[in-house]
file run_9.csv (CSV, C-alpha atoms)
chain,number,residue,atom,x,y,z
T,1,MET,CA,21.8,-25.9,54.7
T,2,THR,CA,22.5,-24.7,58.2
T,3,THR,CA,25.2,-25.3,60.7
T,4,ASN,CA,25.0,-25.2,64.4
T,5,GLY,CA,25.5,-21.8,66.0
T,6,PRO,CA,28.9,-20.1,65.8
T,7,ALA,CA,30.2,-18.2,68.8
T,8,GLN,CA,29.0,-14.8,67.5
T,9,PRO,CA,25.5,-13.6,66.9
T,10,THR,CA,24.0,-14.3,63.5
T,11,PRO,CA,23.0,-11.5,61.1
T,12,ARG,CA,19.4,-12.9,60.8
T,13,ARG,CA,16.8,-13.3,63.5
T,14,GLY,CA,15.3,-16.8,63.0
T,15,ARG,CA,12.9,-18.8,65.0
T,16,GLY,CA,15.3,-21.7,65.3
T,17,ARG,CA,18.8,-22.1,66.5
T,18,PRO,CA,21.1,-19.3,65.3
T,19,GLY,CA,23.0,-20.5,62.1
T,20,TYR,CA,24.2,-19.5,58.7
T,21,ASP,CA,22.7,-20.8,55.5
T,22,GLN,CA,24.1,-20.3,52.1
T,23,ALA,CA,21.7,-17.4,51.3
T,24,ALA,CA,22.8,-15.5,54.4
T,25,ILE,CA,26.5,-16.1,53.5
T,26,LEU,CA,25.8,-14.9,49.9
T,27,ARG,CA,24.1,-11.7,51.2
T,28,THR,CA,27.0,-10.8,53.4
T,29,ALA,CA,29.5,-11.7,50.7
T,30,VAL,CA,27.8,-9.4,48.2
T,31,GLU,CA,27.6,-6.6,50.7
T,32,LEU,CA,31.3,-7.0,51.4
T,33,PHE,CA,32.3,-7.2,47.7
T,34,ASN,CA,30.4,-3.9,47.1
T,35,ARG,CA,32.0,-2.2,50.1
T,36,LYS,CA,35.6,-3.4,49.7
T,37,GLY,CA,35.7,-4.4,46.0
T,38,TYR,CA,35.6,-8.0,44.9
T,39,ASP,CA,39.3,-8.4,44.2
T,40,ALA,CA,40.2,-6.8,47.6
T,41,THR,CA,38.0,-9.2,49.5
T,42,SER,CA,39.4,-12.5,50.8
T,43,MET,CA,37.5,-15.5,52.1
T,44,GLY,CA,39.3,-14.6,55.4
T,45,ASP,CA,37.6,-11.2,55.3
T,46,LEU,CA,34.2,-12.9,54.7
T,47,ALA,CA,34.8,-15.3,57.5
T,48,LYS,CA,35.7,-12.5,59.9
T,49,GLU,CA,32.6,-10.5,58.8
T,50,LEU,CA,30.4,-13.5,59.5
T,51,GLY,CA,32.1,-14.5,62.7
T,52,LEU,CA,32.8,-17.9,61.2
T,53,THR,CA,36.0,-19.8,60.8
T,54,LYS,CA,37.3,-20.3,57.2
T,55,PRO,CA,36.6,-24.1,57.3
T,56,ALA,CA,33.0,-23.3,58.4
T,57,ILE,CA,32.5,-21.2,55.3
T,58,TYR,CA,34.0,-23.8,53.0
T,59,HIS,CA,31.4,-26.1,54.4
T,60,HIS,CA,28.8,-24.0,52.5
T,61,VAL,CA,30.7,-22.6,49.5
T,62,THR,CA,33.6,-23.9,47.4
T,63,SER,CA,35.2,-20.5,46.5
T,64,LYS,CA,34.9,-16.7,46.4
T,65,GLU,CA,34.2,-17.0,42.7
T,66,GLN,CA,31.2,-19.3,43.3
T,67,LEU,CA,29.7,-16.6,45.5
T,68,LEU,CA,30.3,-14.0,42.8
T,69,GLY,CA,28.8,-16.2,40.1
T,70,GLN,CA,25.7,-16.8,42.2
T,71,ALA,CA,25.2,-13.1,42.9
T,72,LEU,CA,25.7,-12.2,39.2
T,73,ASP,CA,23.3,-14.9,38.2
T,74,ASP,CA,20.7,-13.6,40.6
T,75,ALA,CA,20.9,-10.1,39.1
T,76,LEU,CA,21.0,-11.4,35.5
T,77,ASP,CA,18.2,-13.9,35.9
T,78,GLU,CA,15.9,-11.1,37.2
T,79,LEU,CA,16.9,-8.6,34.5
T,80,THR,CA,16.5,-11.3,31.8
T,81,ALA,CA,13.1,-12.1,33.1
T,82,ALA,CA,12.1,-8.4,32.9
T,83,VAL,CA,13.3,-8.1,29.3
T,84,THR,CA,11.8,-11.4,28.2
T,85,ALA,CA,8.4,-10.6,29.9
T,86,ALA,CA,8.3,-7.3,27.9
T,87,PHE,CA,8.8,-9.2,24.6
T,88,GLU,CA,6.1,-11.8,25.7
T,89,ASP,CA,3.4,-9.3,26.4
T,90,GLY,CA,0.3,-10.1,24.3
T,91,ALA,CA,-0.1,-9.4,20.6
T,92,GLY,CA,-1.4,-5.9,19.9
T,93,VAL,CA,1.1,-4.4,22.4
T,94,THR,CA,3.3,-1.8,20.6
T,95,ALA,CA,7.1,-1.8,20.9
T,96,TYR,CA,6.7,1.6,22.5
T,97,GLU,CA,4.5,0.1,25.3
T,98,ARG,CA,6.9,-2.8,25.7
T,99,LEU,CA,9.8,-0.4,26.1
T,100,ARG,CA,8.0,1.7,28.7
T,101,GLU,CA,7.2,-1.5,30.5
T,102,VAL,CA,10.7,-2.8,30.5
T,103,VAL,CA,12.0,0.4,31.9
T,104,ARG,CA,9.5,0.2,34.7
T,105,ARG,CA,10.3,-3.5,35.3
T,106,SER,CA,14.1,-2.7,35.3
T,107,VAL,CA,13.6,-0.2,38.0
T,108,GLU,CA,11.7,-2.8,40.1
T,109,VAL,CA,14.4,-5.3,39.7
T,110,LEU,CA,17.1,-2.9,40.5
T,111,VAL,CA,15.4,-1.8,43.7
T,112,ALA,CA,14.5,-5.3,44.8
T,113,HIS,CA,18.0,-6.7,44.0
T,114,GLN,CA,20.1,-3.6,44.5
T,115,PRO,CA,23.2,-5.3,46.0
T,116,SER,CA,23.5,-8.0,43.3
T,117,VAL,CA,22.8,-5.5,40.5
T,118,THR,CA,25.4,-3.1,41.9
T,119,LEU,CA,27.9,-5.9,41.8
T,120,LEU,CA,26.9,-6.8,38.3
T,121,LEU,CA,27.4,-3.2,37.1
T,122,ARG,CA,30.9,-3.1,38.5
T,123,VAL,CA,32.1,-6.3,36.8
T,124,ARG,CA,35.1,-5.7,34.5
T,125,GLY,CA,35.7,-9.1,33.0
T,126,ASN,CA,38.7,-10.2,35.1
T,127,SER,CA,37.7,-13.9,35.2
T,128,GLY,CA,35.6,-16.5,33.4
T,129,VAL,CA,32.7,-15.9,35.7
T,130,GLU,CA,32.9,-12.1,35.0
T,131,LEU,CA,33.2,-12.6,31.2
T,132,ALA,CA,30.2,-14.9,31.2
T,133,ALA,CA,28.2,-12.2,33.1
T,134,LEU,CA,29.3,-9.5,30.6
T,135,GLU,CA,28.2,-11.8,27.8
T,136,ARG,CA,24.7,-12.0,29.3
T,137,ARG,CA,24.6,-8.2,29.8
T,138,ARG,CA,25.5,-7.8,26.2
T,139,TRP,CA,22.6,-10.0,25.1
T,140,LEU,CA,20.3,-7.8,27.3
T,141,ASP,CA,21.7,-4.6,25.8
T,142,GLU,CA,21.1,-5.9,22.3
T,143,ARG,CA,17.5,-6.9,23.0
T,144,LEU,CA,16.9,-3.4,24.5
T,145,ALA,CA,18.4,-1.6,21.5
T,146,ALA,CA,16.3,-3.8,19.2
T,147,LEU,CA,13.2,-2.8,21.1
T,148,VAL,CA,14.1,0.9,20.8
T,149,ALA,CA,14.6,0.4,17.1
T,150,ASP,CA,11.2,-1.2,16.8
T,151,ALA,CA,9.6,1.7,18.6
T,152,VAL,CA,11.3,4.1,16.3
T,153,ALA,CA,10.2,2.1,13.3
T,154,GLU,CA,6.6,2.1,14.4
T,155,GLY,CA,6.8,5.9,14.5
T,156,ALA,CA,6.4,6.2,18.3
T,157,LEU,CA,9.9,7.5,19.1
T,158,ARG,CA,12.0,10.3,17.6
T,159,ASP,CA,14.5,9.0,15.0
T,160,ASP,CA,17.3,11.5,15.4
T,161,VAL,CA,19.2,9.5,18.1
T,162,PRO,CA,20.6,6.1,17.3
T,163,PRO,CA,18.6,3.3,19.0
T,164,ALA,CA,21.8,1.8,20.6
T,165,LEU,CA,22.7,5.2,22.1
T,166,VAL,CA,19.1,5.7,23.4
T,167,SER,CA,19.2,2.3,25.0
T,168,ARG,CA,22.6,3.0,26.7
T,169,LEU,CA,21.5,6.4,28.0
T,170,VAL,CA,18.0,5.4,29.2
T,171,PHE,CA,19.3,2.3,31.0
T,172,GLY,CA,22.3,4.2,32.2
T,173,MET,CA,19.8,6.5,33.9
T,174,VAL,CA,18.0,3.4,35.4
T,175,ASN,CA,21.3,1.8,36.5
T,176,SER,CA,22.5,5.0,38.1
T,177,LEU,CA,19.9,4.3,40.9
T,178,VAL,CA,22.3,1.8,42.4
T,179,GLU,CA,24.6,4.6,43.4
T,180,TRP,CA,22.1,6.5,45.7
T,181,TYR,CA,18.7,4.8,45.9
T,182,ARG,CA,17.7,3.8,49.5
T,183,PRO,CA,14.4,1.8,50.0
T,184,ASP,CA,13.8,3.8,53.2
T,185,GLY,CA,14.6,7.1,51.5
T,186,ALA,CA,12.4,9.9,50.2
T,187,TYR,CA,11.2,8.2,47.0
T,188,ASP,CA,9.4,4.9,46.7
T,189,ARG,CA,10.1,2.7,43.7
T,190,ALA,CA,6.9,3.6,41.8
T,191,MET,CA,7.8,7.3,42.1
T,192,VAL,CA,11.3,6.6,40.7
T,193,ALA,CA,9.9,4.5,37.9
T,194,ASP,CA,7.4,7.2,37.1
T,195,ALA,CA,10.1,9.9,37.1
T,196,ILE,CA,12.4,7.9,34.8
T,197,THR,CA,9.7,7.1,32.3
T,198,VAL,CA,8.5,10.7,32.3
T,199,ILE,CA,12.0,12.1,31.8
T,200,ALA,CA,13.0,9.6,29.1
T,201,PHE,CA,9.8,9.5,27.1
T,202,ASN,CA,8.1,12.8,27.7
T,203,GLY,CA,11.0,15.1,28.7
T,204,LEU,CA,11.2,17.7,31.3
T,205,ALA,CA,10.6,20.8,29.2
T,206,ARG,CA,7.1,22.3,29.2
T,207,HIS,CA,7.2,24.4,26.1
T,208,GLU,CA,9.2,22.3,23.6
T,209,SER,CA,8.5,19.1,21.8
G,1,MET,CA,59.4,17.3,37.6
G,2,THR,CA,61.3,14.7,35.6
G,3,THR,CA,63.9,12.1,36.4
G,4,ASN,CA,66.5,10.6,34.1
G,5,GLY,CA,65.4,7.5,32.2
G,6,PRO,CA,64.6,4.3,34.0
G,7,ALA,CA,65.6,0.9,32.6
G,8,GLN,CA,62.2,0.3,30.9
G,9,PRO,CA,60.4,2.2,28.2
G,10,THR,CA,58.3,5.1,29.3
G,11,PRO,CA,54.5,5.2,28.6
G,12,ARG,CA,54.8,8.6,26.9
G,13,ARG,CA,56.7,9.4,23.7
G,14,GLY,CA,58.4,12.7,24.2
G,15,ARG,CA,61.1,14.5,22.3
G,16,GLY,CA,63.6,14.5,25.1
G,17,ARG,CA,65.2,11.8,27.2
G,18,PRO,CA,62.7,9.2,28.4
G,19,GLY,CA,61.5,9.8,31.9
G,20,TYR,CA,58.5,9.9,34.2
G,21,ASP,CA,57.0,13.1,35.4
G,22,GLN,CA,54.3,13.4,38.1
G,23,ALA,CA,51.5,13.8,35.6
G,24,ALA,CA,52.5,10.5,33.9
G,25,ILE,CA,52.6,8.7,37.2
G,26,LEU,CA,49.2,10.1,38.1
G,27,ARG,CA,47.7,9.0,34.8
G,28,THR,CA,49.0,5.4,35.3
G,29,ALA,CA,47.9,5.4,38.9
G,30,VAL,CA,44.3,6.4,38.0
G,31,GLU,CA,44.2,3.8,35.2
G,32,LEU,CA,45.3,1.2,37.7
G,33,PHE,CA,42.9,2.3,40.5
G,34,ASN,CA,40.0,2.1,38.0
G,35,ARG,CA,41.1,-1.3,36.7
G,36,LYS,CA,42.0,-3.1,40.0
G,37,GLY,CA,40.2,-0.9,42.5
G,38,TYR,CA,41.9,1.7,44.7
G,39,ASP,CA,42.0,-0.4,47.9
G,40,ALA,CA,43.4,-3.4,46.0
G,41,THR,CA,46.2,-1.4,44.4
G,42,SER,CA,49.6,-1.1,46.2
G,43,MET,CA,52.4,1.3,45.5
G,44,GLY,CA,54.3,-1.8,44.6
G,45,ASP,CA,51.7,-2.6,41.9
G,46,LEU,CA,52.1,1.0,40.6
G,47,ALA,CA,55.9,0.7,40.5
G,48,LYS,CA,55.6,-2.6,38.6
G,49,GLU,CA,53.2,-1.1,36.1
G,50,LEU,CA,55.6,1.9,35.5
G,51,GLY,CA,58.7,-0.2,35.4
G,52,LEU,CA,60.1,1.8,38.3
G,53,THR,CA,61.4,0.9,41.7
G,54,LYS,CA,59.4,1.9,44.7
G,55,PRO,CA,62.0,4.5,45.9
G,56,ALA,CA,61.9,6.1,42.4
G,57,ILE,CA,58.1,6.6,42.8
G,58,TYR,CA,58.5,8.0,46.2
G,59,HIS,CA,60.8,10.6,44.7
G,60,HIS,CA,57.7,12.0,43.0
G,61,VAL,CA,54.8,11.2,45.3
G,62,THR,CA,54.4,10.9,49.0
G,63,SER,CA,51.7,8.3,49.1
G,64,LYS,CA,48.9,6.4,47.3
G,65,GLU,CA,46.4,8.7,49.0
G,66,GLN,CA,48.1,11.7,47.6
G,67,LEU,CA,47.6,10.3,44.1
G,68,LEU,CA,44.0,9.6,44.8
G,69,GLY,CA,43.5,13.2,46.2
G,70,GLN,CA,45.1,14.7,43.1
G,71,ALA,CA,42.9,12.6,40.7
G,72,LEU,CA,39.7,13.4,42.7
G,73,ASP,CA,40.6,17.1,42.7
G,74,ASP,CA,41.2,17.1,39.0
G,75,ALA,CA,37.7,15.7,38.4
G,76,LEU,CA,36.1,17.9,41.0
G,77,ASP,CA,37.8,21.1,39.9
G,78,GLU,CA,36.5,20.6,36.3
G,79,LEU,CA,33.0,19.7,37.4
G,80,THR,CA,32.9,22.7,39.8
G,81,ALA,CA,34.1,25.0,37.0
G,82,ALA,CA,31.3,23.6,34.7
G,83,VAL,CA,28.6,24.2,37.4
G,84,THR,CA,30.0,27.6,38.4
G,85,ALA,CA,30.2,28.8,34.8
G,86,ALA,CA,26.6,27.9,34.3
G,87,PHE,CA,25.6,30.2,37.2
G,88,GLU,CA,27.9,33.0,36.0
G,89,ASP,CA,26.4,33.1,32.5
G,90,GLY,CA,25.2,36.7,31.9
G,91,ALA,CA,22.0,38.2,33.2
G,92,GLY,CA,19.0,37.5,31.0
G,93,VAL,CA,19.9,33.8,30.8
G,94,THR,CA,17.1,31.7,32.1
G,95,ALA,CA,17.6,28.9,34.7
G,96,TYR,CA,16.4,26.5,32.0
G,97,GLU,CA,19.1,27.6,29.6
G,98,ARG,CA,21.7,27.4,32.4
G,99,LEU,CA,20.6,23.9,33.2
G,100,ARG,CA,20.8,22.7,29.6
G,101,GLU,CA,24.2,24.3,29.4
G,102,VAL,CA,25.5,22.6,32.6
G,103,VAL,CA,24.3,19.2,31.2
G,104,ARG,CA,26.3,19.8,28.0
G,105,ARG,CA,29.4,21.0,29.9
G,106,SER,CA,29.2,18.0,32.3
G,107,VAL,CA,29.3,15.7,29.3
G,108,GLU,CA,32.3,17.6,28.0
G,109,VAL,CA,34.1,17.3,31.3
G,110,LEU,CA,33.3,13.6,31.7
G,111,VAL,CA,34.6,12.8,28.2
G,112,ALA,CA,37.8,14.9,28.6
G,113,HIS,CA,38.5,13.6,32.1
G,114,GLN,CA,36.9,10.2,32.0
G,115,PRO,CA,39.5,8.3,34.1
G,116,SER,CA,39.5,10.8,37.0
G,117,VAL,CA,35.7,11.2,36.9
G,118,THR,CA,35.3,7.4,36.9
G,119,LEU,CA,37.5,7.2,40.0
G,120,LEU,CA,35.4,10.0,41.6
G,121,LEU,CA,32.1,8.2,41.0
G,122,ARG,CA,33.4,5.1,42.7
G,123,VAL,CA,34.6,6.8,45.9
G,124,ARG,CA,32.8,5.4,48.9
G,125,GLY,CA,34.2,7.5,51.7
G,126,ASN,CA,36.8,5.1,53.2
G,127,SER,CA,39.3,7.8,54.1
G,128,GLY,CA,39.6,11.5,54.8
G,129,VAL,CA,40.5,12.2,51.2
G,130,GLU,CA,37.4,10.3,50.0
G,131,LEU,CA,35.1,12.0,52.5
G,132,ALA,CA,36.4,15.4,51.4
G,133,ALA,CA,35.6,14.4,47.8
G,134,LEU,CA,32.1,13.3,48.7
G,135,GLU,CA,31.6,16.6,50.5
G,136,ARG,CA,32.5,18.5,47.3
G,137,ARG,CA,30.2,16.2,45.2
G,138,ARG,CA,27.4,16.9,47.6
G,139,TRP,CA,27.9,20.7,47.1
G,140,LEU,CA,27.6,20.1,43.3
G,141,ASP,CA,24.5,18.0,43.7
G,142,GLU,CA,22.9,20.8,45.8
G,143,ARG,CA,23.7,23.5,43.2
G,144,LEU,CA,22.3,21.3,40.4
G,145,ALA,CA,19.1,20.6,42.3
G,146,ALA,CA,18.7,24.3,43.0
G,147,LEU,CA,19.1,25.0,39.3
G,148,VAL,CA,16.4,22.5,38.5
G,149,ALA,CA,14.1,24.1,41.1
G,150,ASP,CA,14.7,27.5,39.6
G,151,ALA,CA,13.8,26.2,36.1
G,152,VAL,CA,10.6,24.7,37.5
G,153,ALA,CA,9.8,28.0,39.3
G,154,GLU,CA,10.2,30.0,36.1
G,155,GLY,CA,7.7,27.6,34.5
G,156,ALA,CA,10.1,26.0,32.0
G,157,LEU,CA,10.2,22.5,33.5
G,158,ARG,CA,7.4,20.2,34.5
G,159,ASP,CA,6.7,20.4,38.3
G,160,ASP,CA,5.5,16.8,38.9
G,161,VAL,CA,8.9,15.3,39.7
G,162,PRO,CA,10.9,16.6,42.7
G,163,PRO,CA,13.9,18.8,41.6
G,164,ALA,CA,16.4,16.7,43.6
G,165,LEU,CA,15.1,13.5,41.9
G,166,VAL,CA,15.3,15.2,38.5
G,167,SER,CA,18.9,16.2,39.2
G,168,ARG,CA,19.9,12.8,40.4
G,169,LEU,CA,18.4,11.1,37.4
G,170,VAL,CA,19.6,13.5,34.7
G,171,PHE,CA,23.1,13.6,36.0
G,172,GLY,CA,22.9,9.8,36.7
G,173,MET,CA,22.4,9.5,32.9
G,174,VAL,CA,25.4,11.8,32.3
G,175,ASN,CA,27.6,9.9,34.7
G,176,SER,CA,26.6,6.5,33.2
G,177,LEU,CA,28.8,7.5,30.3
G,178,VAL,CA,31.9,6.6,32.3
G,179,GLU,CA,30.9,2.9,32.0
G,180,TRP,CA,31.0,2.6,28.3
G,181,TYR,CA,32.0,5.8,26.4
G,182,ARG,CA,35.1,5.5,24.3
G,183,PRO,CA,36.5,8.6,22.5
G,184,ASP,CA,37.3,6.5,19.5
G,185,GLY,CA,33.9,4.8,19.4
G,186,ALA,CA,30.8,5.4,17.3
G,187,TYR,CA,29.6,8.6,19.0
G,188,ASP,CA,31.5,11.9,19.4
G,189,ARG,CA,31.0,14.0,22.5
G,190,ALA,CA,28.7,16.5,20.8
G,191,MET,CA,26.4,13.7,19.6
G,192,VAL,CA,26.3,12.3,23.2
G,193,ALA,CA,25.6,15.7,24.7
G,194,ASP,CA,22.8,16.3,22.1
G,195,ALA,CA,21.3,12.9,22.8
G,196,ILE,CA,21.3,13.5,26.6
G,197,THR,CA,19.8,17.0,26.4
G,198,VAL,CA,17.2,15.8,23.9
G,199,ILE,CA,16.1,12.8,26.0
G,200,ALA,CA,16.1,14.7,29.3
G,201,PHE,CA,14.4,17.9,28.2
G,202,ASN,CA,12.4,16.9,25.1
G,203,GLY,CA,11.7,13.2,25.6
G,204,LEU,CA,11.8,10.4,23.2
G,205,ALA,CA,8.1,10.0,22.5
G,206,ARG,CA,6.8,11.7,19.3
G,207,HIS,CA,3.1,11.8,20.2
G,208,GLU,CA,3.0,12.8,23.9
G,209,SER,CA,4.0,15.9,25.8
call {"tool": "encode", "arguments": {"input": "run_9.csv", "output": "structure tokens"}}
result
Amino acid sequence: MTTNGPAQPTPRRGRGRPGYDQAAILRTAVELFNRKGYDATSMGDLAKELGLTKPAIYHHVTSKEQLLGQALDDALDELTAAVTAAFEDGAGVTAYERLREVVRRSVEVLVAHQPSVTLLLRVRGNSGVELAALERRRWLDERLAALVADAVAEGALRDDVPPALVSRLVFGMVNSLVEWYRPDGAYDRAMVADAITVIAFNGLARHES
Amino acid sequence: MTTNGPAQPTPRRGRGRPGYDQAAILRTAVELFNRKGYDATSMGDLAKELGLTKPAIYHHVTSKEQLLGQALDDALDELTAAVTAAFEDGAGVTAYERLREVVRRSVEVLVAHQPSVTLLLRVRGNSGVELAALERRRWLDERLAALVADAVAEGALRDDVPPALVSRLVFGMVNSLVEWYRPDGAYDRAMVADAITVIAFNGLARHES
């Protein structure tokens, strides 16, 4: 969906006539929600940011909440795919290998979808859309804790930390990336994924085990 | 500072006459900033939450930004004390021991001052007060990265992950507590501090090193 050119320059360079499509509006909305906070952002603010009139935005989207729902679904679909893929890896793959893999894949998702994951991690459950997202997050948390428990049961992981706490802390470390990671910064995503798996599974200390 | 009782019940049970002091107003303000977002919270919202009139609040505080500054200073003073204490531990204490200790102390601070640390971690630099807080956070980050570098240099920590990245990730894991930790939940603070130091320094895997 595109409209004919608004008076102001568009945020994307395209080959055709300048215009906004729904994906571009969503991208700007997510950036604005993260910067100002979702509750503090109005459709008027979004229109201003895009250089559009409010009616022009409503041509593309029905409400602010619809944009939030789309962004949260984007993040959750990717994270769910990463977790599901880890469980679907072929027979003969240990829970420990699956867990290492899902940590790596989560880092990939977070870096590739940083704005929508950032928004997801800030959701507090203030609306039906937010509560549905929290429900999907809870499902992911449970799957991850179950995977940690499986890795403990097979003898690959230490058993003196509760699996649910391990899962919270390791994925807390992964999620903390949203606060500072920059794709054009000093560390590429493979380096960060390596560092997280090394810290979580092997530990930083040289002389202890 | 206290005033005589307002019409509505106070949030604190005290032995004397009901009233609000500045500490109680600050506590409620921080809770509201975390729940609604700082930018989306007005002094009118705070007055409503406290059951006070706006003039009554302005008897205690000069502005919303003053409350933000006090909350951020509370968190930063405690974190700074934890980091400074680690550097001041007696001679003969290795950088590795100092680092483990500062991780433990950070968990303690976070649990004891969770609302103000939560607010601190969400600051984006939208005002002078926020920029000053980010500057103090940066100083802490630099001290912690330097401590990691010292521990690597003394041979206690693996040297294949850059110290600044280690510091970001380990304290990212600590900071992630603000998102879910509840003092009345399944894990006490010692258990969480143990889990984080075990994961970060010793690793979860049983058969690798």
call {"tool": "interface_residues", "arguments": {"input": "run_9.csv", "of": "chain T", "to": "chain G", "cutoff": "6 Å", "atoms": "only C-alpha atoms", "output": "list in words"}}
result
Ala40, Ala156, Leu157, Arg158, Leu169, Gly172, Met173, Ser176, Ile199, Ala200, Phe201, Asn202, Gly203, Leu204, Ala205, Arg206 and Ser209 of chain T
call {"tool": "write_last_selection", "arguments": {"input": "run_9.csv", "atoms": "C-alpha atoms", "output": "PDB file, in the frame of the given file"}}
result
ATOM      1  CA  ALA T  40      40.200  -6.800  47.600  1.00  0.00           C
ATOM      2  CA  ALA T 156       6.400   6.200  18.300  1.00  0.00           C
ATOM      3  CA  LEU T 157       9.900   7.500  19.100  1.00  0.00           C
ATOM      4  CA  ARG T 158      12.000  10.300  17.600  1.00  0.00           C
ATOM      5  CA  LEU T 169      21.500   6.400  28.000  1.00  0.00           C
ATOM      6  CA  GLY T 172      22.300   4.200  32.200  1.00  0.00           C
ATOM      7  CA  MET T 173      19.800   6.500  33.900  1.00  0.00           C
ATOM      8  CA  SER T 176      22.500   5.000  38.100  1.00  0.00           C
ATOM      9  CA  ILE T 199      12.000  12.100  31.800  1.00  0.00           C
ATOM     10  CA  ALA T 200      13.000   9.600  29.100  1.00  0.00           C
ATOM     11  CA  PHE T 201       9.800   9.500  27.100  1.00  0.00           C
ATOM     12  CA  ASN T 202       8.100  12.800  27.700  1.00  0.00           C
ATOM     13  CA  GLY T 203      11.000  15.100  28.700  1.00  0.00           C
ATOM     14  CA  LEU T 204      11.200  17.700  31.300  1.00  0.00           C
ATOM     15  CA  ALA T 205      10.600  20.800  29.200  1.00  0.00           C
ATOM     16  CA  ARG T 206       7.100  22.300  29.200  1.00  0.00           C
ATOM     17  CA  SER T 209       8.500  19.100  21.800  1.00  0.00           C
TER      18      SER T 209
END
call {"tool": "residues_around", "arguments": {"input": "run_9.csv", "residues": "T:Val148", "least_positions_apart": "3", "cutoff": "7 Å", "atoms": "all atoms listed in the file", "output": "list in words"}}
result
Leu99, Leu144, Ala145, Ala151, Val152, Pro163 and Ser167 of chain T
call {"tool": "closest_residue", "arguments": {"input": "run_9.csv", "among": "G:Arg189, G:Lys54, G:Arg138, G:Arg182", "to": "G:Ala164", "atoms": "only C-alpha atoms"}}
result
G:Arg138
call {"tool": "residues_near_point", "arguments": {"input": "run_9.csv", "point": "(29.0, -9.2, 35.2)", "cutoff": "9 Å", "atoms": "only C-alpha atoms", "output": "list of chain:residue names"}}
result
T:Gly69, T:Leu72, T:Asp73, T:Leu76, T:Val117, T:Leu119, T:Leu120, T:Leu121, T:Arg122, T:Val123, T:Arg124, T:Gly125, T:Val129, T:Glu130, T:Leu131, T:Ala132, T:Ala133, T:Leu134, T:Glu135, T:Arg136, T:Arg137
call {"tool": "atom_distance", "arguments": {"input": "run_9.csv", "atom1": "atom CA of T:Ala47", "atom2": "atom CA of T:Ala75"}}
result
23.6 Å
call {"tool": "atom_distance", "arguments": {"input": "run_9.csv", "atom1": "atom CA of G:Val30", "atom2": "atom CA of T:Gly44"}}
result
27.7 Å
call {"tool": "atom_distance", "arguments": {"input": "run_9.csv", "atom1": "atom CA of G:Gln70", "atom2": "atom CA of G:Pro115"}}
result
12.4 Å
call {"tool": "residues_around", "arguments": {"input": "run_9.csv", "residues": "T:Thr84", "least_positions_apart": "5", "cutoff": "12 Å", "atoms": "all atoms listed in the file", "output": "list of chain:residue names"}}
result
T:Leu76, T:Asp77, T:Glu78, T:Leu79, T:Asp89, T:Arg98, T:Leu99, T:Glu101, T:Val102, T:Arg105, T:Ser106, T:Trp139, T:Leu140, T:Arg143, T:Leu144, T:Leu147
call {"tool": "decode", "arguments": {"input": "run_9.csv", "residues": "stretch 134-144 of chain T", "atoms": "N, CA and C atoms", "output": "short mmCIF file (atom, residue, chain, number, x, y, z; two decimals), in the first residue's frame"}}
result
data_model
loop_
_atom_site.label_atom_id
_atom_site.label_comp_id
_atom_site.auth_asym_id
_atom_site.auth_seq_id
_atom_site.Cartn_x
_atom_site.Cartn_y
_atom_site.Cartn_z
N LEU T 134 2.37 -10.55 26.58
CA LEU T 134 2.97 -11.12 27.79
C LEU T 134 2.68 -12.61 27.90
N GLU T 135 1.48 -13.00 27.46
CA GLU T 135 1.12 -14.42 27.47
C GLU T 135 2.04 -15.22 26.53
N ARG T 136 2.30 -14.65 25.36
CA ARG T 136 3.21 -15.34 24.43
C ARG T 136 4.64 -15.37 24.98
N ARG T 137 5.07 -14.30 25.66
CA ARG T 137 6.40 -14.30 26.28
C ARG T 137 6.49 -15.39 27.34
N ARG T 138 5.42 -15.52 28.11
CA ARG T 138 5.40 -16.52 29.18
C ARG T 138 5.57 -17.93 28.60
N TRP T 139 4.91 -18.19 27.48
CA TRP T 139 5.05 -19.49 26.82
C TRP T 139 6.50 -19.73 26.45
N LEU T 140 7.15 -18.72 25.89
CA LEU T 140 8.57 -18.85 25.52
C LEU T 140 9.42 -19.12 26.75
N ASP T 141 9.17 -18.36 27.83
CA ASP T 141 9.94 -18.55 29.07
C ASP T 141 9.80 -19.99 29.58
N GLU T 142 8.60 -20.52 29.49
CA GLU T 142 8.38 -21.89 29.98
C GLU T 142 9.12 -22.92 29.12
N ARG T 143 9.08 -22.72 27.81
CA ARG T 143 9.80 -23.64 26.92
C ARG T 143 11.31 -23.59 27.21
N LEU T 144 11.83 -22.39 27.44
CA LEU T 144 13.27 -22.24 27.68
C LEU T 144 13.65 -22.86 29.02
#
